[in-house]
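Visitor: run-v4.cif is reproduced below (mmCIF, C-alpha atoms).
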data_target
#
loop_
_atom_site.label_atom_id
_atom_site.label_comp_id
_atom_site.auth_asym_id
_atom_site.auth_seq_id
_atom_site.Cartn_x
_atom_site.Cartn_y
_atom_site.Cartn_z
CA MET A 1 -61.92 72.81 -35.64
CA SER A 2 -63.21 76.00 -34.02
CA SER A 3 -59.67 76.91 -32.89
CA GLN A 4 -57.95 75.96 -36.16
CA HIS A 5 -55.57 78.47 -37.72
CA THR A 6 -54.22 78.84 -41.25
CA ALA A 7 -50.51 78.73 -42.09
CA ALA A 8 -50.65 82.53 -42.52
CA GLY A 9 -51.99 82.97 -38.96
CA GLY A 10 -55.68 83.48 -39.74
CA LYS A 11 -58.34 82.02 -37.45
CA CYS A 12 -60.84 79.66 -39.11
CA LEU A 13 -64.50 80.09 -38.19
CA LYS A 14 -67.67 78.21 -39.07
CA VAL A 15 -70.67 80.54 -39.18
CA ARG A 16 -74.39 79.83 -39.47
CA TRP A 17 -76.27 82.63 -41.17
CA GLY A 18 -80.05 82.48 -40.82
CA LEU A 19 -82.23 84.07 -43.46
CA SER A 20 -85.55 85.47 -42.30
CA GLY A 21 -88.56 83.50 -43.43
CA SER A 22 -86.51 80.47 -44.50
CA GLY A 23 -87.17 78.28 -41.46
CA LYS A 24 -84.74 76.19 -39.44
CA SER A 25 -83.20 74.39 -42.41
CA GLY A 26 -82.85 77.56 -44.46
CA GLY A 27 -79.94 79.93 -44.40
CA LEU A 28 -76.25 79.50 -45.09
CA ARG A 29 -73.17 77.86 -43.62
CA LEU A 30 -70.05 79.97 -44.11
CA ALA A 31 -66.34 79.24 -43.79
CA ILE A 32 -64.53 82.43 -42.78
CA VAL A 33 -60.88 83.19 -42.08
CA VAL A 34 -60.15 86.19 -39.84
CA TYR A 35 -56.79 87.98 -39.81
CA CYS A 36 -57.04 90.19 -36.70
CA ASP A 37 -53.75 92.07 -37.09
CA ALA A 38 -54.61 93.07 -40.66
CA ARG A 39 -58.30 93.66 -39.81
CA LEU A 40 -59.23 91.39 -42.71
CA VAL A 41 -62.08 88.90 -43.00
CA LYS A 42 -62.01 86.44 -45.88
CA LEU A 43 -65.01 84.34 -46.97
CA VAL A 44 -63.54 81.05 -48.22
CA GLY A 45 -66.66 78.88 -48.52
CA ALA A 46 -70.46 79.06 -48.54
CA TRP A 47 -73.15 76.38 -48.65
CA ARG A 48 -76.90 76.29 -48.29
CA ARG A 49 -77.65 75.01 -44.83
CA ARG A 50 -79.70 72.13 -46.23
CA ALA A 51 -76.53 70.80 -47.90
CA ASP A 52 -75.09 70.36 -44.36
CA PRO A 53 -71.38 70.50 -45.25
CA GLY A 54 -69.15 68.18 -43.27
CA ASP A 55 -65.85 68.89 -41.55
CA ASP A 56 -63.95 67.72 -44.64
CA GLU A 57 -65.65 70.34 -46.81
CA PHE A 58 -64.84 73.08 -44.29
CA GLU A 59 -61.22 71.92 -44.01
CA ASP A 60 -60.87 71.97 -47.81
CA ALA A 61 -62.28 75.52 -47.95
CA PHE A 62 -59.91 76.70 -45.22
CA ARG A 63 -56.94 75.04 -46.92
CA GLU A 64 -57.76 76.47 -50.35
CA GLY A 65 -58.70 79.92 -49.04
#
Just give me the structure as structure tokens.

Guide:
Amino acid sequence: MSSQHTAAGGKCLKVRWGLSGSGKSGGLRLAIVVYCDARLVKLVGAWRRRADPGDDEFEDAFREG
């Protein structure tokens, strides 16, 4: 999935964002689409890390975003 692209040519990325003081299970998981030519970054999904989103949830976010 790390090399997946959208129909519009954006690159799909899964990002872990740690929050200070929240421990290993704290923080966020983000689904981001990057359009390099347009210099545009689009946040298409966000979950608390504890929710541990699966590949299906990321794929849905990328498809809908």

Visitor: Just say which residues the PyMOL selection byres ((chain A and resi 53-59) around 12) picks in this file, as a PyMOL selection string.

Guide: chain A and resi 1-2+4-6+12-16+28-33+43-52+60-65

Visitor: Report, in Å with one decimal, the straight-line distance from atom CA of A:Lys42 to atom CA of A:Gly26.

Guide: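 Computing it gives 22.7 Å between the two atoms.
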
Visitor: If I take atom CA of A:Asp37 and atom CA of A:Ala8, how far is one from the other in Å, to one decimal?

Guide: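 So the answer is 11.4 Å.
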
Visitor: Which distance in Å separates atom CA of A:Val41 and atom CA of A:Ser20, to one decimal?

Guide: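 Distance reported for this atom pair: 23.7 Å.
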